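Participant: File follows, start-v5.txt with compact mmCIF, C-alpha atoms and all ligand atoms:
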# COMPACT_ATOMS: atom_id res chain seq x y z
CA MET A 1 67.29 39.79 17.66
CA LEU A 2 64.77 39.41 20.48
CA ALA A 3 62.87 42.49 19.33
CA VAL A 4 62.77 41.21 15.74
CA LEU A 5 61.67 37.75 16.94
CA SER A 6 58.99 39.24 19.16
CA ASP A 7 57.54 41.28 16.28
CA GLU A 8 57.73 38.40 13.81
CA LEU A 9 55.89 36.03 16.16
CA GLN A 10 53.04 38.51 16.43
CA ALA A 11 52.92 39.40 12.72
CA GLY A 12 52.89 35.76 11.53
CA GLY A 13 49.17 35.22 12.05
CA PHE A 14 49.82 32.03 14.03
CA ASP A 15 47.10 30.15 15.92
CA ARG A 16 49.46 29.44 18.83
CA ILE A 17 52.99 30.16 19.96
CA LEU A 18 54.62 27.11 21.58
CA PHE A 19 57.30 27.83 24.13
CA SER A 20 59.22 24.80 25.44
CA GLY A 21 61.61 26.61 27.86
CA ASP A 22 64.03 27.82 29.15
CA ALA A 23 62.70 31.34 29.72
CA SER A 24 65.63 32.25 31.97
CA ALA A 25 69.18 31.33 32.99
CA MET A 26 68.78 31.40 36.78
CA GLY A 27 65.01 31.38 37.30
CA PHE A 28 64.98 34.95 38.66
CA GLU A 29 61.65 36.75 38.55
CA GLU A 30 63.14 39.61 36.50
CA GLU A 31 64.38 37.21 33.81
CA VAL A 32 61.08 35.38 33.49
CA THR A 33 59.17 38.67 33.41
CA ARG A 34 61.39 40.00 30.62
CA ALA A 35 60.91 36.81 28.56
CA ALA A 36 57.13 37.02 29.01
CA TYR A 37 57.17 40.67 27.96
CA LEU A 38 59.05 39.79 24.77
CA LEU A 39 56.53 37.04 24.03
CA LYS A 40 53.77 39.60 24.71
CA ILE A 41 52.11 37.25 27.19
CA GLY A 42 48.90 38.73 28.50
CA GLN A 43 49.14 41.82 26.27
CA ALA A 44 45.99 42.92 24.44
CA GLY A 45 45.61 41.48 20.94
CA ALA A 46 48.68 39.23 21.29
CA THR A 47 48.83 35.71 19.84
CA PRO A 48 47.84 33.12 22.47
CA GLY A 49 50.40 30.54 23.51
CA LEU A 50 51.26 27.36 25.36
CA ALA A 51 54.34 27.20 27.57
CA VAL A 52 56.21 24.71 29.72
CA PRO A 53 59.10 25.57 32.05
CA GLY A 54 62.71 24.56 31.43
CA ASN A 55 65.21 23.35 34.01
CA HIS A 56 66.82 26.81 34.19
CA ASP A 57 63.45 28.27 35.20
CA TYR A 58 63.72 26.05 38.31
CA CYS A 59 67.47 26.66 38.64
CA THR A 60 67.25 26.72 42.42
CA ALA A 61 64.71 25.11 44.70
CA SER A 62 63.68 28.58 45.88
CA ALA A 63 63.05 29.74 42.28
CA ALA A 64 60.85 26.68 41.72
CA ARG A 65 59.04 27.13 45.05
CA ALA A 66 58.46 30.84 44.41
CA GLY A 67 56.51 29.95 41.25
CA HIS A 68 57.75 32.90 39.17
CA PHE A 69 57.30 30.99 35.92
CA GLU A 70 53.77 29.85 36.75
CA ARG A 71 52.69 33.32 37.80
CA VAL A 72 54.19 35.24 34.89
CA PHE A 73 53.36 32.67 32.19
CA ALA A 74 49.88 31.95 33.62
CA PRO A 75 47.94 33.01 30.46
CA TRP A 76 49.89 30.36 28.51
CA LEU A 77 49.32 27.61 31.10
CA VAL A 78 45.58 27.18 30.65
CA GLY A 79 43.37 24.52 29.08
CA GLU A 80 41.78 21.24 30.07
CA GLN A 81 43.32 20.28 33.41
CA ILE A 82 42.88 17.58 36.04
CA GLY A 83 41.73 19.08 39.32
CA ASP A 84 43.65 22.12 40.54
CA ALA A 85 47.02 21.06 39.14
CA ILE A 86 48.54 23.33 36.48
CA TYR A 87 50.34 20.52 34.63
CA PRO A 88 49.55 18.82 32.39
CA PHE A 89 47.03 20.87 30.45
CA ALA A 90 45.55 20.50 26.98
CA GLN A 91 44.56 23.23 24.56
CA ARG A 92 42.30 22.58 21.59
CA VAL A 93 43.70 24.40 18.55
CA GLY A 94 41.66 23.80 15.41
CA HIS A 95 41.35 20.01 15.06
CA ALA A 96 44.42 19.25 17.21
CA TRP A 97 45.21 18.96 20.91
CA LEU A 98 48.35 20.54 22.32
CA ILE A 99 49.36 19.14 25.69
CA GLY A 100 51.83 20.94 27.97
CA LEU A 101 53.72 18.61 30.33
CA ASN A 102 56.18 19.85 32.95
CA SER A 103 59.38 17.79 32.77
CA SER A 104 61.59 20.16 34.79
CA THR A 105 62.52 19.92 38.45
CA ALA A 106 64.72 21.84 40.84
CA ASN A 107 67.92 19.94 41.64
CA ARG A 108 70.20 20.20 44.63
CA TRP A 109 73.63 20.13 42.97
CA PRO A 110 74.82 22.45 40.18
CA TRP A 111 76.04 19.48 38.05
CA ASP A 112 72.67 17.77 38.28
CA ALA A 113 70.61 18.74 35.20
CA ARG A 114 68.07 15.94 35.45
CA GLY A 115 64.39 16.47 34.91
CA GLY A 116 61.31 14.42 35.68
CA VAL A 117 57.54 14.39 35.32
CA GLY A 118 56.76 12.58 38.57
CA ARG A 119 54.21 9.93 39.41
CA ASP A 120 51.32 12.28 40.19
CA GLN A 121 51.65 14.32 37.02
CA LEU A 122 52.04 11.14 34.99
CA ARG A 123 48.78 9.82 36.43
CA ARG A 124 47.09 13.08 35.47
CA LEU A 125 48.56 12.87 31.96
CA GLU A 126 47.09 9.39 31.57
CA GLU A 127 43.67 10.65 32.68
CA LEU A 128 43.85 13.77 30.53
CA LEU A 129 44.77 11.81 27.39
CA GLN A 130 41.85 9.46 27.99
CA ARG A 131 39.51 12.41 28.29
CA LEU A 132 40.45 14.22 25.06
CA GLU A 133 38.25 13.62 22.06
CA GLY A 134 39.33 13.36 18.43
CA GLY A 135 42.22 14.90 16.52
CA PRO A 136 45.98 14.61 16.67
CA ARG A 137 47.67 14.94 20.08
CA ILE A 138 50.87 16.91 20.31
CA LEU A 139 52.88 16.68 23.53
CA VAL A 140 55.11 19.62 24.48
CA THR A 141 57.89 19.15 27.06
CA HIS A 142 61.20 20.76 27.84
CA TYR A 143 63.25 17.57 28.05
CA PRO A 144 63.99 15.48 24.96
CA VAL A 145 63.44 11.84 24.16
CA TRP A 146 66.59 11.54 22.05
CA LEU A 147 69.77 13.50 21.43
CA ALA A 148 70.44 14.57 17.83
CA SER A 149 72.65 11.46 17.47
CA GLY A 150 69.73 9.19 18.36
CA ARG A 151 71.32 8.32 21.72
CA ARG A 152 69.65 8.86 25.10
CA GLU A 153 70.75 11.79 27.28
CA PRO A 154 73.45 10.89 29.84
CA ARG A 155 71.86 10.09 33.21
CA VAL A 156 72.86 13.36 34.89
CA ARG A 157 71.04 15.33 32.19
CA ALA A 158 68.07 13.07 31.39
CA MET A 159 64.43 12.94 32.38
CA ARG A 160 64.40 10.48 35.28
CA ASP A 161 61.12 8.81 34.29
CA LEU A 162 61.43 9.06 30.50
CA ASP A 163 60.48 5.39 29.92
CA ALA A 164 57.22 5.81 31.84
CA VAL A 165 56.39 9.12 30.12
CA VAL A 166 57.00 7.66 26.65
CA GLU A 167 54.84 4.65 27.52
CA THR A 168 52.03 6.88 28.82
CA ALA A 169 52.25 9.02 25.67
CA ARG A 170 52.10 5.91 23.50
CA ARG A 171 49.05 4.54 25.33
CA GLY A 172 47.41 7.96 25.17
CA GLY A 173 47.69 8.23 21.39
CA VAL A 174 50.28 11.02 21.26
CA GLY A 175 51.15 11.58 17.61
CA LEU A 176 54.00 14.07 17.93
CA TRP A 177 56.40 15.10 20.74
CA LEU A 178 57.91 18.59 20.65
CA HIS A 179 60.66 19.64 23.04
CA GLY A 180 63.35 22.20 23.82
CA HIS A 181 66.45 21.95 26.07
CA ARG A 182 68.98 21.01 23.36
CA HIS A 183 70.30 24.06 21.55
CA THR A 184 70.49 22.59 18.06
CA SER A 185 67.35 21.75 16.13
CA TYR A 186 66.70 18.16 14.91
CA TYR A 187 63.96 15.59 14.55
CA HIS A 188 63.53 11.83 14.72
CA PRO A 189 60.98 9.59 12.98
CA PRO A 190 58.81 7.16 14.96
CA SER A 191 60.73 4.23 16.44
CA ASP A 192 60.02 1.05 18.39
CA TYR A 193 60.78 2.95 21.61
CA ALA A 194 58.85 6.16 20.83
CA PRO A 195 56.23 5.37 18.15
CA PHE A 196 55.72 9.02 17.17
CA PRO A 197 57.97 11.67 15.60
CA VAL A 198 60.04 13.78 18.02
CA VAL A 199 61.12 17.33 17.13
CA CYS A 200 63.64 19.50 18.99
CA ALA A 201 62.98 23.22 18.54
CA GLY A 202 66.60 24.26 19.14
CA SER A 203 67.54 27.52 20.82
CA ALA A 204 65.74 30.67 19.73
CA THR A 205 68.22 32.96 21.46
CA GLN A 206 71.73 31.49 21.49
CA SER A 207 74.04 33.66 19.36
CA GLY A 208 74.60 32.12 15.97
CA ARG A 209 71.97 29.40 16.55
CA TRP A 210 68.90 31.60 16.85
CA SER A 211 65.94 30.10 15.04
CA TYR A 212 62.35 29.05 15.51
CA LYS A 213 59.97 26.80 13.62
CA VAL A 214 56.69 27.46 11.89
CA TYR A 215 54.43 24.39 11.95
CA THR A 216 51.52 23.94 9.58
CA LEU A 217 49.24 21.03 10.40
CA GLU A 218 46.73 19.72 7.86
CA GLY A 219 44.97 16.62 9.12
CA TYR A 220 47.87 14.49 10.36
CA HIS A 221 50.38 15.99 7.94
CA LEU A 222 52.86 18.42 9.46
CA ARG A 223 55.12 20.84 7.62
CA ALA A 224 57.91 22.45 9.65
CA GLN A 225 59.73 25.47 8.34
CA SER A 226 62.78 26.79 10.20
CA ARG A 227 63.18 30.54 10.40
CA VAL A 228 66.79 31.54 11.01
CA TYR A 229 68.03 34.94 12.16
CA HIS A 230 70.70 36.65 10.06
CA ALA A 231 72.54 39.36 12.00
CA LYS A 232 73.80 40.98 8.80
CA ASP A 233 70.38 42.28 7.78
CA ASP A 234 68.71 41.90 11.20
CA CYS A 235 66.01 39.62 9.75
CA PHE A 236 64.77 36.04 9.91
CA HIS A 237 64.99 33.99 6.70
CA ASP A 238 63.65 30.56 5.75
CA GLY A 239 66.02 27.73 6.68
CA GLU A 240 65.59 23.96 6.57
CA ALA A 241 62.08 22.58 6.05
CA PHE A 242 60.76 19.05 6.56
CA GLU A 243 57.45 17.23 6.50
CA LEU A 244 56.20 14.32 8.53
CA GLU A 245 53.06 12.35 9.35
CA LEU A 246 51.70 12.40 12.86
CA THR A 247 50.79 9.05 14.35
CA GLY A 248 48.10 7.98 16.80
CA GLY A 249 44.96 9.98 17.32
CA ALA A 250 43.20 7.44 19.50
CA CYS A 251 43.83 6.56 23.11
CA THR A 252 44.51 2.84 23.31
CA ALA A 253 44.00 2.96 27.07
CA GLN A 254 40.37 4.08 26.61
CA GLY A 255 38.01 2.36 28.97
CA LYS A 256 40.73 0.83 31.14
FE FE B 301 67.11 23.34 29.46
For the file at hand, write its structure as structure tokens.
Ligand SMILES: [Fe+2]

Facilitator:
Amino acid sequence: MLAVLSDELQAGGFDRILFSGDASAMGFEEEVTRAAYLLKIGQAGATPGLAVPGNHDYCTASAARAGHFERVFAPWLVGEQIGDAIYPFAQRVGHAWLIGLNSSTANRWPWDARGGVGRDQLRRLEELLQRLEGGPRILVTHYPVWLASGRREPRVRAMRDLDAVVETARRGGVGLWLHGHRHTSYYHPPSDYAPFPVVCAGSATQSGRWSYKVYTLEGYHLRAQSRVYHAKDDCFHDGEAFELELTGGACTAQGK
């Protein structure tokens, strides 16, 4: 399945591949390197991408400190940045901005699956969003805003500073939030809490749930087409499709 996925991603003629984590189970260098190889990161003629790490990529504090993900995924972690910090970063793709935000952290206890953006990165996100000119802004994180049910994640699995991140995204004119982490795919329309659509990619690699999405953006209109792997004929086929309107496009915090 991974080989078929890898080939299909390259043959699709896409402008960008978006990877919202996890690349690994334990954050080992070998795992991350294998994932990057399958995504053809840094290989000649390969489709460029944008990536953010998942919580498993920082499974232990030593994996996070070692920076395996940042080193191996480096070609997909570039764009407009604030100072020397890797995250967040913004890539201009056609008329749109794609913004990679790191919402994963290493945690001390095995049962602790919380994430967080942190005050410093949040400040940089605010500055970055103010700096970007024109076009829809699409935020890419690992952690979700909502569960499929519309509920918030339980505290031990949630992004610690979600309220502040959502508020910063709102002020910064984010028009769409894409994320990973949850293994099923779903989406939510704009709400009072998060005034932009939120789409969960679902797992690309879990047996029986393997799928990815093809996004086509025209102006502020987005079409999402699921591609689902069928083991019987070793191919991806079209699955569910949906369309939505991106919101925002202007930073309301401009000039503050
Ligand atoms: Fe995750």

Participant: Could you write out as JSON the box around range 224-236 of chain A (axis-aligned, all atoms listed in the file, 3 Å on each side), with centre and edge lengths in Å to one decimal?

Facilitator:
{"center_x": 65.9, "center_y": 32.4, "center_z": 10.0, "size_x": 21.9, "size_y": 25.8, "size_z": 10.4}

Participant: Using all atoms listed in the file, I'd like a table of the residues in chain A that come within 6 Å of ligand FE 301 (chain B); for each, show the closest atom pair and its distance in Å rounded to one decimal, ordered by chain and ascending number, as a tab-separated table.

Facilitator:
residue	atom	partner	partner_atom	distance
A:Asp22	CA	B:FE301	FE	5.4
A:Gly54	CA	B:FE301	FE	5.0
A:Asn55	CA	B:FE301	FE	4.9
A:His56	CA	B:FE301	FE	5.9
A:His181	CA	B:FE301	FE	3.7

Participant: In Å, rounded to a single decimal, give me how far CA of Thr60 in chain A is from CA of Leu101 in chain A.

Facilitator: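 Here the two named atoms are 19.9 Å from each other.
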
Participant: Dump as JSON lines the rows for residues of range 174-223 of chain A within 7 Å of range 143-165 of chain A: closest atom pair and distance in Å with one decimal, all atoms listed in the file counted, ordered by chain and rising residue number.

Facilitator:
{"residue": "A:His179", "atom": "CA", "partner": "A:Pro144", "partner_atom": "CA", "distance": 5.7}
{"residue": "A:Gly180", "atom": "CA", "partner": "A:Tyr143", "partner_atom": "CA", "distance": 6.3}
{"residue": "A:His181", "atom": "CA", "partner": "A:Tyr143", "partner_atom": "CA", "distance": 5.8}
{"residue": "A:Tyr186", "atom": "CA", "partner": "A:Ala148", "partner_atom": "CA", "distance": 5.9}

Participant: Residues at most 9 Å from Gln10 in chain A, counting all atoms listed in the file, excluding those fewer than 5 positions away in the same chain, as number ranges by chain?

Facilitator: A: 5, 39-40, 46-47

Participant: Select, from A:Pro48, A:Gly116, A:Gly94, A:Pro190, the residue with the minimum atom-to-atom distance to Leu9 in chain A, counting only C-alpha atoms.

Facilitator: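 Looking at the shortest contact to Leu9 in chain A, the residue is A:Pro48.
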
Participant: Report, in Å with one decimal, the straight-line distance from CA of Cys235 in chain A to CA of Ala204 in chain A.

Facilitator: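 Between these atoms lies a distance of 13.4 Å.
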
Participant: Could you name the residues that touch Tyr215 in chain A at 7 Å or less, counting only C-alpha atoms, but leaving out those on the same chain fewer than 4 positions away, as a list in words?

Facilitator: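 Once the nearby chain positions are removed, what remains is Leu222, Arg223, Ala224 and Gln225 of chain A.
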
Participant: Using all atoms listed in the file, pick whichever of A:Ser207, A:Val166, A:Gly45, A:Phe28 has the shortest atom-to-atom distance to Gly13 in chain A.

Facilitator: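 Ranked by minimum distance to Gly13 in chain A, first place goes to A:Gly45.
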
Participant: If we draw a sphere of 9 Å around (47.4, 18.6, 9.6), which residues have at least one atom in it when counting all atoms listed in the file? Please report them as a PyMOL selection string.

Facilitator: chain A and resi 95-96+136+216-223+245-246

Participant: Take the point (44.4, 10.3, 16.3) as written in the file and pick out every residue within 10 Å of it, counting all atoms listed in the file; give the list as an MDAnalysis selection string.

Facilitator: chainID A and resid 96:97 133:137 172:175 219:220 246:251

Participant: Could you check how far CA of Leu2 in chain A sits from CA of Ala64 in chain A, in Å to one decimal?

Facilitator: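 Going from CA of Leu2 in chain A over to CA of Ala64 in chain A, I get 25.1 Å.
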
Participant: Here is a test: counting all atoms listed in the file, which residue of A:Pro88, A:Gly100, A:Gly83, A:Gly21 is nearest to Leu50 in chain A?

Facilitator: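 Of A:Pro88, A:Gly100, A:Gly83, A:Gly21, the one nearest Leu50 in chain A is A:Gly100, counting all atoms listed in the file.
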
Participant: Any idea what's packed within 9 Å of Ala106 in chain A, counting all atoms listed in the file, ignoring anything in its chain fewer than 5 positions away? Could you give it as a list in words?

Facilitator: Asn55, His56, Asp57, Tyr58, Cys59, Thr60, Ala61, Ser62, Ala63, Ala64, Arg65, Ala113, Arg114 and Gly115 of chain A

Participant: Any idea what's packed within 8 Å of Ile86 in chain A, counting all atoms listed in the file, ignoring anything in its chain fewer than 4 positions away? Could you give it as a count of residues only?

Facilitator: 3

Participant: Would you please work out which residue, of A:Ala44, A:Ile99, A:Leu244, A:Ala66, is nearest to His188 in chain A when using all atoms listed in the file?

Facilitator: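 Of the candidates, the smallest distance to His188 in chain A is held by A:Leu244.
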
Participant: Fewer than 4 positions away in the same chain doesn't count, so skip those; otherwise give me all residues within 10 Å of Arg34 in chain A, counting all atoms listed in the file, as a compact mmCIF listing (two decimals) with C-alpha atoms, in the frame of the given file.

Facilitator:
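What ended up in part_36.txt:
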# COMPACT_ATOMS: atom_id res chain seq x y z
CA ALA A 23 62.70 31.34 29.72
CA SER A 24 65.63 32.25 31.97
CA GLU A 29 61.65 36.75 38.55
CA GLU A 30 63.14 39.61 36.50
CA LEU A 38 59.05 39.79 24.77
CA LEU A 39 56.53 37.04 24.03
CA LYS A 40 53.77 39.60 24.71
CA VAL A 72 54.19 35.24 34.89

Participant: Between A:Arg131, A:Arg16, A:Arg123, A:Arg92, which residue has the minimum interatomic distance to Trp76 in chain A, considering all atoms listed in the file?

Facilitator: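 The answer is A:Arg16, which sits nearest to Trp76 in chain A.
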
Participant: Keeping N, CA and C atoms (and nothing else), can you write range 232-251 of chain A of this structure as a PDB file, in the first residue's frame?

Facilitator:
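Below is the file that was written, result_18.pdb:
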ATOM      1  N   LYS A 232      -7.922  -5.408  -2.538  1.00  0.00           N
ATOM      2  CA  LYS A 232      -8.273  -6.451  -3.510  1.00  0.00           C
ATOM      3  C   LYS A 232      -7.561  -6.239  -4.845  1.00  0.00           C
ATOM      4  N   ASP A 233      -7.551  -5.001  -5.323  1.00  0.00           N
ATOM      5  CA  ASP A 233      -6.871  -4.755  -6.600  1.00  0.00           C
ATOM      6  C   ASP A 233      -5.622  -3.881  -6.425  1.00  0.00           C
ATOM      7  N   ASP A 234      -5.218  -3.684  -5.153  1.00  0.00           N
ATOM      8  CA  ASP A 234      -3.974  -2.954  -4.866  1.00  0.00           C
ATOM      9  C   ASP A 234      -3.960  -1.575  -5.527  1.00  0.00           C
ATOM     10  N   CYS A 235      -5.088  -0.864  -5.426  1.00  0.00           N
ATOM     11  CA  CYS A 235      -5.229   0.450  -6.067  1.00  0.00           C
ATOM     12  C   CYS A 235      -6.004   1.400  -5.153  1.00  0.00           C
ATOM     13  N   PHE A 236      -5.810   2.696  -5.372  1.00  0.00           N
ATOM     14  CA  PHE A 236      -6.662   3.705  -4.737  1.00  0.00           C
ATOM     15  C   PHE A 236      -7.834   4.008  -5.665  1.00  0.00           C
ATOM     16  N   HIS A 237      -9.024   4.204  -5.047  1.00  0.00           N
ATOM     17  CA  HIS A 237     -10.216   4.578  -5.814  1.00  0.00           C
ATOM     18  C   HIS A 237     -10.827   5.816  -5.175  1.00  0.00           C
ATOM     19  N   ASP A 238     -11.628   6.564  -5.951  1.00  0.00           N
ATOM     20  CA  ASP A 238     -12.322   7.723  -5.392  1.00  0.00           C
ATOM     21  C   ASP A 238     -13.284   7.286  -4.305  1.00  0.00           C
ATOM     22  N   GLY A 239     -13.274   8.015  -3.183  1.00  0.00           N
ATOM     23  CA  GLY A 239     -14.237   7.798  -2.103  1.00  0.00           C
ATOM     24  C   GLY A 239     -15.127   9.015  -1.979  1.00  0.00           C
ATOM     25  N   GLU A 240     -15.420   9.397  -0.732  1.00  0.00           N
ATOM     26  CA  GLU A 240     -16.295  10.539  -0.463  1.00  0.00           C
ATOM     27  C   GLU A 240     -15.673  11.830  -1.007  1.00  0.00           C
ATOM     28  N   ALA A 241     -16.518  12.731  -1.475  1.00  0.00           N
ATOM     29  CA  ALA A 241     -16.040  14.058  -1.879  1.00  0.00           C
ATOM     30  C   ALA A 241     -16.914  15.107  -1.203  1.00  0.00           C
ATOM     31  N   PHE A 242     -16.351  16.254  -0.912  1.00  0.00           N
ATOM     32  CA  PHE A 242     -17.162  17.360  -0.384  1.00  0.00           C
ATOM     33  C   PHE A 242     -16.555  18.683  -0.836  1.00  0.00           C
ATOM     34  N   GLU A 243     -17.376  19.729  -0.749  1.00  0.00           N
ATOM     35  CA  GLU A 243     -16.908  21.054  -1.155  1.00  0.00           C
ATOM     36  C   GLU A 243     -17.221  22.035  -0.049  1.00  0.00           C
ATOM     37  N   LEU A 244     -16.362  23.021   0.116  1.00  0.00           N
ATOM     38  CA  LEU A 244     -16.625  24.042   1.119  1.00  0.00           C
ATOM     39  C   LEU A 244     -15.973  25.357   0.730  1.00  0.00           C
ATOM     40  N   GLU A 245     -16.446  26.428   1.375  1.00  0.00           N
ATOM     41  CA  GLU A 245     -15.902  27.764   1.117  1.00  0.00           C
ATOM     42  C   GLU A 245     -14.942  28.125   2.243  1.00  0.00           C
ATOM     43  N   LEU A 246     -13.750  28.559   1.847  1.00  0.00           N
ATOM     44  CA  LEU A 246     -12.819  29.051   2.852  1.00  0.00           C
ATOM     45  C   LEU A 246     -13.277  30.414   3.339  1.00  0.00           C
ATOM     46  N   THR A 247     -12.939  30.716   4.584  1.00  0.00           N
ATOM     47  CA  THR A 247     -13.303  32.020   5.152  1.00  0.00           C
ATOM     48  C   THR A 247     -12.064  32.894   5.229  1.00  0.00           C
ATOM     49  N   GLY A 248     -12.219  34.077   5.748  1.00  0.00           N
ATOM     50  CA  GLY A 248     -11.085  34.956   6.055  1.00  0.00           C
ATOM     51  C   GLY A 248     -10.408  35.506   4.837  1.00  0.00           C
ATOM     52  N   GLY A 249      -9.080  35.568   4.901  1.00  0.00           N
ATOM     53  CA  GLY A 249      -8.302  36.121   3.807  1.00  0.00           C
ATOM     54  C   GLY A 249      -7.667  37.438   4.180  1.00  0.00           C
ATOM     55  N   ALA A 250      -8.099  38.012   5.282  1.00  0.00           N
ATOM     56  CA  ALA A 250      -7.484  39.264   5.741  1.00  0.00           C
ATOM     57  C   ALA A 250      -7.173  39.117   7.220  1.00  0.00           C
ATOM     58  N   CYS A 251      -6.082  39.706   7.628  1.00  0.00           N
ATOM     59  CA  CYS A 251      -5.666  39.633   9.023  1.00  0.00           C
ATOM     60  C   CYS A 251      -6.313  40.762   9.785  1.00  0.00           C
TER      61      CYS A 251
END
